[in-house]
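So this one's my_file.txt, compact mmCIF, C-alpha atoms (C1' of nucleotides):
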```
# COMPACT_ATOMS: atom_id res chain seq x y z
CA MET V 10 31.44 263.14 153.92
CA ASN V 11 34.02 260.48 154.33
CA HIS V 12 37.04 262.57 153.54
CA ARG V 13 38.31 261.66 156.97
CA LEU V 14 38.40 258.04 155.86
CA MET V 15 40.16 259.08 152.67
CA LYS V 16 42.66 261.02 154.69
CA PHE V 17 43.19 257.97 156.87
CA VAL V 18 43.63 255.77 153.83
CA GLY V 19 45.97 258.32 152.33
CA ARG V 20 48.20 257.98 155.35
CA LEU V 21 48.55 254.28 154.72
CA GLN V 22 51.11 252.77 152.43
CA THR V 23 49.59 252.42 149.00
CA PRO V 24 51.64 249.44 147.66
CA THR V 25 49.41 247.14 149.66
CA LEU V 26 46.75 247.27 146.97
CA SER V 27 47.62 243.82 145.67
CA THR V 28 47.56 242.58 149.23
CA LEU V 29 44.15 244.12 149.74
CA ARG V 30 42.87 242.51 146.59
CA THR V 31 44.21 239.19 147.76
CA LEU V 32 42.52 239.62 151.11
CA CYS V 33 39.23 240.84 149.69
CA SER V 34 38.91 237.96 147.27
CA SER V 35 37.72 235.69 149.99
CA SER V 36 37.95 232.16 148.70
CA SER V 37 38.70 231.88 145.00
CA PRO V 38 41.26 234.34 143.68
CA SER V 39 40.22 233.34 140.15
CA ASN V 40 43.44 234.19 138.42
CA ASN V 41 44.85 232.83 135.22
CA LYS V 42 47.40 231.05 137.35
CA LEU V 43 46.54 227.48 138.21
CA PHE V 44 47.95 225.44 141.03
CA VAL V 45 48.03 221.82 139.97
CA ALA V 46 48.68 219.22 142.63
CA GLY V 47 48.46 215.47 142.74
CA LEU V 48 50.87 215.13 139.87
CA SER V 49 52.69 211.95 139.24
CA TRP V 50 56.42 212.08 139.83
CA SER V 51 57.04 211.31 136.21
CA VAL V 52 55.21 214.42 135.01
CA ASP V 53 57.31 217.26 133.69
CA GLU V 54 56.56 220.66 132.14
CA ARG V 55 56.24 219.15 128.71
CA SER V 56 53.63 216.65 129.86
CA LEU V 57 51.65 219.30 131.71
CA THR V 58 51.82 221.64 128.76
CA ASP V 59 50.62 218.88 126.49
CA ALA V 60 47.84 218.06 128.93
CA PHE V 61 46.60 221.65 129.33
CA SER V 62 47.21 222.92 125.83
CA PRO V 63 43.74 222.13 124.39
CA TYR V 64 42.06 224.24 127.09
CA GLY V 65 43.70 227.53 126.22
CA ASP V 66 46.85 229.44 125.50
CA ILE V 67 49.48 228.58 128.06
CA ASN V 68 52.05 231.18 128.88
CA GLU V 69 54.22 229.07 131.13
CA VAL V 70 54.21 225.79 132.99
CA ARG V 71 56.31 225.34 136.07
CA ILE V 72 56.70 222.20 138.09
CA VAL V 73 58.14 222.46 141.56
CA TYR V 74 61.01 220.13 142.21
CA ASP V 75 62.67 219.29 145.47
CA LYS V 76 65.90 221.15 146.05
CA GLU V 77 67.66 218.22 147.64
CA THR V 78 66.51 215.16 145.79
CA GLY V 79 65.63 216.90 142.55
CA ARG V 80 62.42 214.93 142.36
CA SER V 81 59.10 216.52 141.57
CA ARG V 82 57.13 217.56 144.61
CA GLY V 83 53.97 216.48 142.88
CA PHE V 84 52.58 219.90 142.14
CA GLY V 85 53.12 222.69 139.70
CA PHE V 86 51.71 225.82 138.17
CA VAL V 87 50.10 226.50 134.82
CA TYR V 88 49.87 230.07 133.55
CA PHE V 89 47.10 230.74 131.06
CA SER V 90 46.70 233.89 129.05
CA LYS V 91 43.06 234.28 130.07
CA GLU V 92 41.39 233.44 133.34
CA ASP V 93 38.44 232.01 131.44
CA GLU V 94 40.79 229.45 129.92
CA ALA V 95 42.22 228.72 133.31
CA ARG V 96 38.73 228.26 134.68
CA CYS V 97 37.87 225.94 131.83
CA ALA V 98 41.00 223.90 132.32
CA LYS V 99 40.41 223.72 136.05
CA ASP V 100 36.81 222.65 135.56
CA ALA V 101 37.86 220.08 133.01
CA MET V 102 40.94 218.61 134.65
CA ASP V 103 40.22 218.94 138.35
CA GLY V 104 39.61 215.60 139.98
CA LYS V 105 40.45 213.62 136.88
CA ALA V 106 43.32 211.18 136.92
CA TYR V 107 46.41 211.97 134.93
CA LEU V 108 49.13 209.32 134.61
CA GLY V 109 47.53 207.29 137.34
CA ARG V 110 47.09 210.06 139.88
CA PRO V 111 43.99 212.21 140.48
CA LEU V 112 44.66 215.89 139.88
CA ARG V 113 43.92 218.57 142.44
CA ILE V 114 43.64 221.89 140.71
CA SER V 115 43.16 225.19 142.46
CA TYR V 116 43.89 228.81 141.69
CA ALA V 117 47.43 229.75 142.50
CA LEU V 118 48.08 232.04 145.40
CA GLU V 119 49.70 235.30 144.47
CA LYS V 120 53.11 235.70 145.98
CA VAL V 121 53.12 239.05 147.71
CA ARG V 122 56.43 240.53 148.72
CA GLY V 123 56.70 241.27 152.40
CA ALA V 124 53.62 239.31 153.34
CA PRO V 125 53.59 235.81 154.76
CA LEU V 126 52.04 233.23 152.51
CA VAL V 127 48.76 232.12 154.01
CA VAL V 128 47.53 228.84 152.62
CA PRO V 129 43.79 228.26 152.69
CA ARG V 130 42.86 224.99 154.27
CA LEU V 131 41.09 222.71 151.86
CA ARG V 132 39.81 220.09 154.24
CA SER V 133 38.81 220.87 157.78
CA ALA V 134 40.27 218.25 160.11
CA SER V 135 37.39 218.27 162.57
CA GLY V 136 34.73 218.74 159.93
CA ARG V 137 33.55 221.93 161.61
CA ASN V 138 34.05 223.89 158.44
CA LYS V 139 31.15 223.64 156.01
C1' DT E 7 64.26 202.05 146.41
C1' DC E 8 60.09 202.39 148.96
C1' DT E 9 57.47 207.53 150.05
C1' DG E 10 51.92 211.37 148.17
C1' DA E 11 51.15 216.63 151.33
C1' DG E 12 50.67 219.89 149.19
C1' DC E 13 51.41 227.22 146.70
C1' DG E 14 57.28 227.74 143.42
C1' DG E 15 62.46 226.94 140.31
```

Representation of the structure as structure tokens:
Amino acid sequence: MNHRLMKFVGRLQTPTLSTLRTLCSSSSPSNNKLFVAGLSWSVDERSLTDAFSPYGDINEVRIVYDKETGRSRGFGFVYFSKEDEARCAKDAMDGKAYLGRPLRISYALEKVRGAPLVVPRLRSASGRNK
DNA sequence: TCTGAGCGG
């Protein structure tokens, strides 16, 4: 039947499977990697680990710092061992204030080699997006 | 020093 399609697919480069998965998962990539923004500048990995520990097993916590000033950029990443734990932590901590700042938690975008990082827009400027 | 979007070390 569709062996022509399979032949066409076979001609393509196969290492784009992760890219295809990223593209097919339309809005919420639902990984065990959490993107945590809205952090206070005084938050470090230890504080984030202590804040997200009761929601699951954390593999790693990384906070992004500025290369020049060395200050925290106000966002970081939390790696859980299970995506259910990440979902629980996101549902529990998203929107709640931590050290005086409301947290914005989303699922982290997967860094794909050779592909430009496309950031989904959260808020539509003109309100046209529903 | 003050700074507040945002996907990386």

Residues of chain V within 8 Å of chain E, counting only C-alpha atoms (C1' of nucleotides), as a short mmCIF file (atom, residue, chain, number, x, y, z; two decimals) with C-alpha atoms, keeping the file's coordinate frame:
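As written to disk, result_26.cif reads:
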```
data_model
loop_
_atom_site.label_atom_id
_atom_site.label_comp_id
_atom_site.auth_asym_id
_atom_site.auth_seq_id
_atom_site.Cartn_x
_atom_site.Cartn_y
_atom_site.Cartn_z
CA PHE V 44 47.95 225.44 141.03
CA ALA V 46 48.68 219.22 142.63
CA GLY V 47 48.46 215.47 142.74
CA ARG V 71 56.31 225.34 136.07
CA ILE V 72 56.70 222.20 138.09
CA VAL V 73 58.14 222.46 141.56
CA TYR V 74 61.01 220.13 142.21
CA GLY V 83 53.97 216.48 142.88
CA PHE V 84 52.58 219.90 142.14
CA GLY V 85 53.12 222.69 139.70
CA PHE V 86 51.71 225.82 138.17
CA ALA V 117 47.43 229.75 142.50
CA LEU V 118 48.08 232.04 145.40
CA VAL V 128 47.53 228.84 152.62
#
```

When you draw a straight line from atom CA of Lys120 of chain V to atom CA of Asp59 of chain V, how long is it in Å?
-> 25.9 Å

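The spacing separating atom CA of Arg96 of chain V from atom CA of Ser62 of chain V amounts to 13.4 Å.
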
What gap, in Å, lies between atom CA of Val52 of chain V and atom CA of Val70 of chain V?
->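 According to the coordinates, atom CA of Val52 of chain V and atom CA of Val70 of chain V are separated by 11.6 Å.
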
Neighbours of Ser49 of chain V within 10 Å (only C-alpha atoms (C1' of nucleotides); same-chain residues fewer than 4 positions away dropped), as a PyMOL selection string?
-> (chain V and resi 53+81-84+106-112) or (chain E and resi 10)
